[in-house]
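Next up, start32.cif (mmCIF, C-alpha atoms):
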data_final
loop_
_atom_site.label_atom_id
_atom_site.label_comp_id
_atom_site.auth_asym_id
_atom_site.auth_seq_id
_atom_site.Cartn_x
_atom_site.Cartn_y
_atom_site.Cartn_z
CA MET A 1 46.83 1.81 22.58
CA LYS A 2 48.61 1.77 19.22
CA LYS A 3 52.36 2.33 19.42
CA GLY A 4 54.00 4.33 16.65
CA LEU A 5 57.47 5.23 15.40
CA VAL A 6 58.11 8.51 13.57
CA LEU A 7 61.25 8.82 11.43
CA GLU A 8 62.71 12.14 10.27
CA GLY A 9 64.87 12.23 7.14
CA GLY A 10 68.12 14.12 6.61
CA ALA A 11 70.08 12.19 3.97
CA MET A 12 73.18 10.64 5.57
CA ARG A 13 72.15 11.93 8.99
CA GLY A 14 69.70 9.05 8.70
CA LEU A 15 72.50 6.65 9.63
CA PHE A 16 72.16 7.97 13.17
CA SER A 17 68.57 6.69 13.11
CA CYS A 18 69.79 3.36 11.72
CA GLY A 19 72.03 2.93 14.74
CA VAL A 20 69.15 3.62 17.12
CA LEU A 21 66.79 1.31 15.23
CA ASP A 22 69.27 -1.56 15.13
CA VAL A 23 69.62 -1.40 18.93
CA LEU A 24 65.82 -1.44 19.29
CA LEU A 25 65.60 -4.47 16.98
CA GLU A 26 68.33 -6.30 18.87
CA ASN A 27 66.41 -5.77 22.10
CA GLY A 28 62.99 -6.84 20.86
CA ILE A 29 61.36 -3.41 20.80
CA SER A 30 58.37 -3.38 18.46
CA PHE A 31 55.75 -0.93 17.24
CA ASP A 32 52.35 -1.23 15.62
CA GLY A 33 53.11 1.31 12.92
CA ALA A 34 55.75 3.67 11.60
CA ALA A 35 55.93 6.68 9.28
CA GLY A 36 59.15 7.63 7.51
CA ILE A 37 60.22 10.60 5.43
CA SER A 38 63.11 10.57 2.93
CA ALA A 39 66.05 8.79 4.61
CA GLY A 40 63.62 7.83 7.36
CA ALA A 41 61.77 5.81 4.72
CA VAL A 42 64.62 4.36 2.64
CA PHE A 43 66.68 3.40 5.70
CA GLY A 44 63.76 2.84 8.09
CA CYS A 45 62.23 0.14 5.89
CA ASN A 46 64.97 -2.15 7.18
CA PHE A 47 63.31 -2.00 10.60
CA LYS A 48 60.22 -3.65 9.12
CA SER A 49 62.32 -6.22 7.22
CA ARG A 50 64.34 -6.79 10.42
CA GLN A 51 67.66 -6.46 8.60
CA ILE A 52 69.99 -5.30 11.33
CA GLY A 53 73.08 -3.57 9.93
CA ARG A 54 71.93 -3.55 6.29
CA ALA A 55 71.76 0.23 5.83
CA ILE A 56 75.20 0.98 7.26
CA ARG A 57 76.67 -2.00 5.41
CA TYR A 58 75.58 -1.01 1.91
CA ASN A 59 76.19 2.69 2.47
CA LYS A 60 79.79 2.07 3.50
CA LYS A 61 80.36 -0.36 0.65
CA TYR A 62 78.86 1.73 -2.16
CA CYS A 63 79.13 5.35 -0.97
CA ARG A 64 81.98 5.98 -3.44
CA ASP A 65 80.38 4.10 -6.31
CA ALA A 66 79.43 6.59 -9.04
CA ARG A 67 76.29 4.59 -9.72
CA TYR A 68 75.10 5.26 -6.18
CA CYS A 69 75.64 9.00 -5.78
CA SER A 70 77.69 11.27 -8.05
CA ILE A 71 77.67 14.31 -10.29
CA ARG A 72 78.13 11.88 -13.17
CA SER A 73 74.87 10.19 -12.19
CA LEU A 74 73.14 13.58 -12.02
CA LEU A 75 74.40 14.62 -15.46
CA THR A 76 73.66 11.31 -17.18
CA THR A 77 70.39 10.29 -15.50
CA GLY A 78 68.97 13.44 -13.91
CA ASP A 79 69.31 11.94 -10.42
CA LEU A 80 72.17 12.61 -8.01
CA TYR A 81 71.36 9.25 -6.39
CA GLY A 82 71.13 6.83 -9.29
CA ALA A 83 67.57 5.49 -9.30
CA ASP A 84 68.29 2.26 -11.16
CA PHE A 85 71.21 1.41 -8.91
CA CYS A 86 69.57 2.43 -5.61
CA TYR A 87 66.12 0.96 -6.19
CA ARG A 88 66.79 -2.04 -8.46
CA VAL A 89 70.39 -3.21 -8.55
CA LEU A 90 71.19 -2.71 -4.88
CA PRO A 91 68.04 -4.22 -3.26
CA ASN A 92 67.66 -6.99 -5.85
CA GLU A 93 71.25 -8.07 -6.42
CA LEU A 94 73.94 -6.53 -4.23
CA ASP A 95 72.47 -6.35 -0.70
CA VAL A 96 69.12 -8.06 -1.04
CA PHE A 97 66.11 -6.45 0.62
CA ASP A 98 64.16 -9.12 2.51
CA ARG A 99 60.72 -8.57 0.99
CA GLU A 100 59.33 -11.76 2.51
CA THR A 101 60.04 -10.63 6.07
CA PHE A 102 58.93 -7.07 5.22
CA ALA A 103 55.56 -8.33 3.99
CA ALA A 104 55.08 -10.74 6.90
CA ASN A 105 55.87 -8.18 9.61
CA PRO A 106 52.52 -6.76 10.87
CA LEU A 107 54.06 -3.32 11.47
CA ALA A 108 52.23 -0.81 9.20
CA PHE A 109 54.89 1.22 7.39
CA TYR A 110 53.89 4.55 5.82
CA ILE A 111 56.04 6.57 3.44
CA GLY A 112 55.57 10.31 2.91
CA ALA A 113 56.35 12.25 -0.28
CA THR A 114 55.41 15.68 -1.64
CA SER A 115 52.98 16.07 -4.54
CA VAL A 116 54.41 18.13 -7.39
CA LYS A 117 50.86 19.21 -8.31
CA THR A 118 49.86 20.50 -4.90
CA GLY A 119 53.04 20.90 -2.84
CA LYS A 120 51.27 18.96 -0.09
CA PRO A 121 52.31 15.72 1.61
CA ALA A 122 50.95 12.40 0.37
CA TYR A 123 51.29 9.08 2.17
CA HIS A 124 51.50 5.49 1.03
CA LEU A 125 50.92 2.39 3.16
CA CYS A 126 53.48 -0.20 2.10
CA LYS A 127 52.25 -3.61 1.05
CA ASP A 128 55.03 -6.06 0.28
CA GLY A 129 58.29 -4.19 -0.36
CA GLY A 130 57.69 -4.61 -4.09
CA GLU A 131 58.00 -2.19 -7.00
CA GLU A 132 55.25 0.20 -5.88
CA ASP A 133 56.66 0.49 -2.37
CA LEU A 134 60.14 1.11 -3.79
CA LEU A 135 58.75 3.83 -6.06
CA TRP A 136 57.37 5.62 -3.00
CA MET A 137 60.72 5.24 -1.23
CA GLN A 138 62.44 6.76 -4.25
CA ALA A 139 59.92 9.60 -4.38
CA SER A 140 60.24 10.30 -0.66
CA ALA A 141 64.02 10.70 -0.97
CA SER A 142 64.11 12.58 -4.32
CA MET A 143 65.53 15.99 -3.47
CA PRO A 144 64.32 18.83 -5.74
CA ILE A 145 66.63 20.10 -8.49
CA VAL A 146 69.05 17.16 -8.15
CA SER A 147 66.34 14.52 -8.73
CA ARG A 148 63.65 13.91 -11.30
CA PRO A 149 60.08 13.83 -9.96
CA VAL A 150 58.86 10.25 -9.55
CA LYS A 151 55.68 9.46 -11.47
CA ILE A 152 53.17 7.36 -9.50
CA GLY A 153 49.65 7.04 -10.82
CA GLU A 154 48.27 10.42 -11.93
CA ASP A 155 50.77 12.54 -9.99
CA SER A 156 54.50 13.01 -9.57
CA TYR A 157 56.31 13.29 -6.25
CA LEU A 158 59.48 14.62 -4.64
CA ASP A 159 61.11 14.56 -1.21
CA GLY A 160 58.61 14.23 1.63
CA GLY A 161 60.63 16.56 3.84
CA ILE A 162 59.65 19.51 1.65
CA SER A 163 56.11 19.51 3.05
CA ASP A 164 56.14 17.37 6.21
CA ALA A 165 59.56 17.04 7.80
CA VAL A 166 58.46 14.92 10.78
CA PRO A 167 55.17 13.04 10.22
CA TYR A 168 53.99 12.77 13.83
CA ARG A 169 50.62 14.38 13.16
CA PHE A 170 49.98 12.08 10.21
CA LEU A 171 50.63 9.00 12.34
CA GLU A 172 48.32 10.28 15.05
CA LYS A 173 45.55 10.65 12.49
CA GLN A 174 45.95 6.94 11.75
CA GLY A 175 45.14 6.18 15.39
CA TYR A 176 48.63 5.87 16.90
CA THR A 177 48.62 7.49 20.32
CA ARG A 178 51.87 6.33 21.94
CA ASN A 179 54.58 7.57 19.60
CA VAL A 180 58.37 7.64 19.67
CA ILE A 181 59.81 10.41 17.47
CA LEU A 182 63.32 9.82 16.11
CA LEU A 183 65.06 13.02 14.95
CA THR A 184 68.43 13.59 13.27
CA GLN A 185 69.17 17.09 14.60
CA PRO A 186 70.00 18.00 18.21
CA LYS A 187 67.61 19.75 20.57
CA GLY A 188 67.31 23.45 19.80
CA TYR A 189 68.15 23.19 16.11
CA ARG A 190 66.08 25.47 13.89
CA LYS A 191 66.27 26.07 10.14
CA GLN A 192 67.13 29.47 8.74
CA LYS A 193 65.65 30.85 5.56
CA SER A 194 67.87 29.70 2.72
CA ALA A 195 70.27 32.33 1.41
CA SER A 196 69.79 30.84 -2.05
CA SER A 197 66.00 31.06 -1.93
CA GLY A 198 65.87 33.30 -5.00
CA ILE A 199 67.97 30.91 -7.08
CA MET A 200 65.89 27.99 -5.81
CA GLN A 201 62.68 29.71 -6.90
CA PHE A 202 64.10 30.27 -10.39
CA LEU A 203 65.28 26.68 -10.76
CA LEU A 204 61.89 25.40 -9.62
CA ARG A 205 59.83 27.78 -11.77
CA ARG A 206 58.31 24.85 -13.68
CA GLN A 207 57.23 23.27 -10.38
CA PRO A 208 55.49 26.27 -8.74
CA MET A 209 53.89 24.38 -5.86
CA ILE A 210 57.19 22.75 -4.95
CA ALA A 211 58.83 26.18 -5.17
CA ARG A 212 56.21 27.58 -2.80
CA ALA A 213 56.66 24.72 -0.32
CA MET A 214 60.44 25.16 -0.41
CA LYS A 215 60.09 28.89 0.25
CA ILE A 216 58.27 28.31 3.54
CA ARG A 217 59.92 25.02 4.46
CA HIS A 218 61.94 26.57 7.30
CA GLU A 219 58.75 27.93 8.85
CA MET A 220 57.05 24.52 8.67
CA TYR A 221 60.08 22.77 10.15
CA ASN A 222 60.55 25.24 13.00
CA HIS A 223 56.85 25.08 13.92
CA GLN A 224 57.12 21.29 14.08
CA MET A 225 60.22 21.49 16.29
CA ASP A 226 58.47 23.89 18.68
CA GLU A 227 55.51 21.52 18.90
CA ILE A 228 57.72 18.44 19.35
CA ASP A 229 59.64 20.15 22.15
CA ALA A 230 56.35 20.91 23.92
CA ARG A 231 55.15 17.32 23.48
CA GLU A 232 58.44 16.01 24.83
CA GLN A 233 58.19 18.30 27.86
CA SER A 234 54.64 17.13 28.61
CA GLY A 235 55.52 13.45 28.14
CA GLU A 236 53.04 13.06 25.28
CA ASN A 237 55.79 11.81 22.99
CA LEU A 238 59.19 10.27 23.62
CA VAL A 239 61.78 12.04 21.50
CA ILE A 240 65.14 10.50 20.60
CA ARG A 241 67.71 12.79 19.00
CA PRO A 242 71.49 13.20 18.83
CA GLY A 243 73.05 15.00 21.76
CA ARG A 244 75.02 17.25 19.42
CA ALA A 245 75.16 18.12 15.73
CA LEU A 246 76.19 15.08 13.73
CA GLY A 247 78.59 17.04 11.56
CA ILE A 248 78.07 14.90 8.47
CA ARG A 249 77.47 16.04 4.90
CA ARG A 250 74.15 15.18 3.28
CA THR A 251 76.02 13.27 0.57
CA GLU A 252 78.91 12.03 2.72
CA ASN A 253 81.05 9.40 0.97
CA ASP A 254 83.66 8.71 3.65
CA PRO A 255 82.93 5.26 5.13
CA LYS A 256 84.58 6.28 8.42
CA GLU A 257 82.20 9.22 8.80
CA LEU A 258 79.22 7.03 8.02
CA GLU A 259 80.32 4.53 10.65
CA ARG A 260 80.95 7.31 13.18
CA VAL A 261 77.39 8.63 12.86
CA TYR A 262 75.92 5.13 12.91
CA GLN A 263 77.80 4.38 16.15
CA MET A 264 76.52 7.63 17.66
CA GLY A 265 73.05 6.32 16.92
CA ARG A 266 73.81 2.95 18.49
CA GLN A 267 75.09 4.58 21.67
CA THR A 268 72.03 6.82 21.85
CA GLY A 269 69.84 3.76 21.35
CA ILE A 270 71.56 1.98 24.22
CA ASP A 271 71.26 5.07 26.44
CA GLN A 272 67.54 5.45 25.64
CA LEU A 273 66.58 1.77 25.68
CA GLU A 274 65.02 1.68 29.13
CA ALA A 275 63.20 4.96 28.53
CA VAL A 276 61.69 3.48 25.38
CA ARG A 277 60.60 0.33 27.24
CA ARG A 278 58.95 2.39 29.96
CA PHE A 279 57.22 4.67 27.50
CA LEU A 280 55.76 1.82 25.47
CA THR A 281 54.45 -0.20 28.41
#
Spit out the file's structure as structure tokens when you get a sec.
Amino acid sequence: MKKGLVLEGGAMRGLFSCGVLDVLLENGISFDGAAGISAGAVFGCNFKSRQIGRAIRYNKKYCRDARYCSIRSLLTTGDLYGADFCYRVLPNELDVFDRETFAANPLAFYIGATSVKTGKPAYHLCKDGGEEDLLWMQASASMPIVSRPVKIGEDSYLDGGISDAVPYRFLEKQGYTRNVILLTQPKGYRKQKSASSGIMQFLLRRQPMIARAMKIRHEMYNHQMDEIDAREQSGENLVIRPGRALGIRRTENDPKELERVYQMGRQTGIDQLEAVRRFLT
């Protein structure tokens, strides 16, 4: 029986997941593999590198740094979240990403992104936390319109949540049969069709397959939530989610709000700890 961990994205809602994951790490909970999308990838990688507290620490410290996330960064670099700062300066110099531990940890860590050519999800199995892995993390978290597509090999990629919001089916195809799904929205949440869909289609006219995926994204997401609810009810998967809406902006830059959501995750992790142990044994 291969035990898996599935990580939804959601920008700064991902700090809820960080709180849950830190509690699991502190209590020796392990998995054989994990799949992360967007924030689930860029924050979830710290589970594999066993760096408890790293994600909340650097987010609180740099959330108001224009190099990290700002309109200035968008206008000057084409990325709302500054790629050079987020994927070079921060992990290499300011809050060092432990690549040695990441590489040594046997947990298989998959990152999902969306192909600009096809509008379909593509997955990468991380190797060592090096430049290629970081490129896939960047791609997975690169939101359309406010990010440049990330070139990897013969294709370019954007946010994985466009085409596969919660990668539970992907992880099952890799042979993981006992999976914990970590969500960042409360039970019952469903996406509505975007009121700005027409504007979005115009802005993405040069990326037609991304535009198509964005147009039906709410349908994909809601189908996944219906299926996850059914799997939770049957006991096939263990689902961990916030008990109420987190009430945090996607680009939140108030350290107190970031800490509040992280602590909500920690409390949920504590509350669910025994359920996780039972499910995995």
### Message
Can you spell out as a PyMOL selection string the set of residues that the PyMOL selection byres ((chain A and resi 38-48) around 8) selects in the structure I just provided?
### Response
chain A and resi 7-12+14-15+17-18+21-22+25+35-37+49-52+54-55+97+101-102+105+107+109+111-113+137-138+140-142+159-161
Could you put an axis-aligned box around every listed atom of region 152-162 of chain A, padded by 5 Å on each side, and send me its centre and edge lengths in Å to one decimal, as AutoDock Vina command-line options?
--center_x 54.7 --center_y 13.3 --center_z -4.0 --size_x 22.8 --size_y 22.5 --size_z 25.8
### Task
Tell me which residues the PyMOL selection byres ((chain A and resi 178) around 9) grabs here, as a PyMOL selection string.
chain A and resi 1-5+172+176-177+179-180+236-238+279-280
### Query
For the file shown, what are the residues hit by the PyMOL selection byres ((chain A and resi 246) around 8), laid out as a list in words?
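Expected selection for the PyMOL selection byres ((chain A and resi 246) around 8) here is Arg13, Thr184, Gln185, Pro242, Arg244, Ala245, Gly247, Ile248 and Val261 of chain A.
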Could you save those same residues with C-alpha atoms as an mmCIF file, in the frame of the given file?
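Output file selection.cif is given in full below:
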data_model
loop_
_atom_site.group_PDB
_atom_site.id
_atom_site.type_symbol
_atom_site.label_atom_id
_atom_site.label_comp_id
_atom_site.auth_asym_id
_atom_site.auth_seq_id
_atom_site.Cartn_x
_atom_site.Cartn_y
_atom_site.Cartn_z
ATOM 1 C CA ARG A 13 72.150 11.930 8.990
ATOM 2 C CA THR A 184 68.430 13.590 13.270
ATOM 3 C CA GLN A 185 69.170 17.090 14.600
ATOM 4 C CA PRO A 242 71.490 13.200 18.830
ATOM 5 C CA ARG A 244 75.020 17.250 19.420
ATOM 6 C CA ALA A 245 75.160 18.120 15.730
ATOM 7 C CA GLY A 247 78.590 17.040 11.560
ATOM 8 C CA ILE A 248 78.070 14.900 8.470
ATOM 9 C CA VAL A 261 77.390 8.630 12.860
#
### Atom-to-atom span, CA of Gly28 (chain A) and CA of Pro106 (chain A), Å
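Taking CA of Gly28 (chain A) as the start and CA of Pro106 (chain A) as the end point, the length is 14.5 Å.
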### Message
Please report the interatomic distance between CA of Asp226 (chain A) and CA of Met143 (chain A) in Å with one decimal.
### Response
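For CA of Asp226 (chain A) relative to CA of Met143 (chain A), the distance reads 24.6 Å.
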### Message
List as a VMD selection string the protein and nucleic acid residues near region 207-222 of chain A, meaning an atom at most 6 Å away when all atoms listed in the file are counted, but skip any in the same chain fewer than 2 places from it.
### Response
chain A and resid 116 118 to 119 190 to 191 193 201 204 to 205 224 to 225
Can you write just those residues out, C-alpha atoms, as a PDB file, in the coordinates of the input?
ATOM      1  CA  VAL A 116      54.410  18.130  -7.390  1.00  0.00           C
ATOM      2  CA  THR A 118      49.860  20.500  -4.900  1.00  0.00           C
ATOM      3  CA  GLY A 119      53.040  20.900  -2.840  1.00  0.00           C
ATOM      4  CA  ARG A 190      66.080  25.470  13.890  1.00  0.00           C
ATOM      5  CA  LYS A 191      66.270  26.070  10.140  1.00  0.00           C
ATOM      6  CA  LYS A 193      65.650  30.850   5.560  1.00  0.00           C
ATOM      7  CA  GLN A 201      62.680  29.710  -6.900  1.00  0.00           C
ATOM      8  CA  LEU A 204      61.890  25.400  -9.620  1.00  0.00           C
ATOM      9  CA  ARG A 205      59.830  27.780 -11.770  1.00  0.00           C
ATOM     10  CA  GLN A 224      57.120  21.290  14.080  1.00  0.00           C
ATOM     11  CA  MET A 225      60.220  21.490  16.290  1.00  0.00           C
TER      12      MET A 225
END
### Query
Pick from A:Val6, A:Ser30, A:Pro121, A:Val146: nearest to Tyr168 (chain A), with all atoms listed in the file counted?
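Of all the options, A:Val6 lies closest to Tyr168 (chain A).
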### Message
I want to know what sits within 8 Å of Tyr68 (chain A), based on only C-alpha atoms, with residues of the same chain fewer than 4 positions away left out; could you give that as a list in words?
### Response
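Near Tyr68 (chain A), the qualifying residues are Tyr62, Cys63, Arg64, Ser73, Tyr81, Gly82, Phe85 and Cys86 of chain A.
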### Message
Using all atoms listed in the file - which residues lie no farther than 12 Å from the point (70.7, 3.3, 24.7) in the file's frame? Write them as a list in words.
### Response
Gly19, Val20, Leu21, Asp22, Val23, Leu24, Glu26, Asn27, Ile240, Arg241, Pro242, Gln263, Met264, Gly265, Arg266, Gln267, Thr268, Gly269, Ile270, Asp271, Gln272, Leu273, Glu274, Ala275, Val276 and Arg277 of chain A
Output C-alpha atoms of each residue in that selection to a file, as a JSON list (two decimals), in the coordinates of the input.
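Generated file (out-v7.json):
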[["chain", "number", "residue", "atom", "x", "y", "z"],
["A", 19, "GLY", "CA", 72.03, 2.93, 14.74],
["A", 20, "VAL", "CA", 69.15, 3.62, 17.12],
["A", 21, "LEU", "CA", 66.79, 1.31, 15.23],
["A", 22, "ASP", "CA", 69.27, -1.56, 15.13],
["A", 23, "VAL", "CA", 69.62, -1.40, 18.93],
["A", 24, "LEU", "CA", 65.82, -1.44, 19.29],
["A", 26, "GLU", "CA", 68.33, -6.30, 18.87],
["A", 27, "ASN", "CA", 66.41, -5.77, 22.10],
["A", 240, "ILE", "CA", 65.14, 10.50, 20.60],
["A", 241, "ARG", "CA", 67.71, 12.79, 19.00],
["A", 242, "PRO", "CA", 71.49, 13.20, 18.83],
["A", 263, "GLN", "CA", 77.80, 4.38, 16.15],
["A", 264, "MET", "CA", 76.52, 7.63, 17.66],
["A", 265, "GLY", "CA", 73.05, 6.32, 16.92],
["A", 266, "ARG", "CA", 73.81, 2.95, 18.49],
["A", 267, "GLN", "CA", 75.09, 4.58, 21.67],
["A", 268, "THR", "CA", 72.03, 6.82, 21.85],
["A", 269, "GLY", "CA", 69.84, 3.76, 21.35],
["A", 270, "ILE", "CA", 71.56, 1.98, 24.22],
["A", 271, "ASP", "CA", 71.26, 5.07, 26.44],
["A", 272, "GLN", "CA", 67.54, 5.45, 25.64],
["A", 273, "LEU", "CA", 66.58, 1.77, 25.68],
["A", 274, "GLU", "CA", 65.02, 1.68, 29.13],
["A", 275, "ALA", "CA", 63.20, 4.96, 28.53],
["A", 276, "VAL", "CA", 61.69, 3.48, 25.38],
["A", 277, "ARG", "CA", 60.60, 0.33, 27.24]]
### Task
Please provide as a list in words all residues within 12 Å of Glu154 (chain A), with the sequence filter that same-chain residues fewer than 4 positions apart are discarded (counting all atoms listed in the file).
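Once the adjacent positions are removed, what remains is Ser115, Val116, Lys117 and Val150 of chain A.
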### Message
Just the number, please: distance in Å from CA of Thr251 (chain A) to CA of Lys61 (chain A), one decimal.
### Response
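Taking CA of Thr251 (chain A) and CA of Lys61 (chain A), their separation equals 14.3 Å.
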### Task
Do a neighbour search on Glu131 (chain A) at 12 Å with all atoms listed in the file, toss out local chain neighbours closer than 2 positions, and write the hits as a VMD selection string.
chain A and resid 84 87 to 88 91 to 92 97 99 126 to 129 133 to 138 152
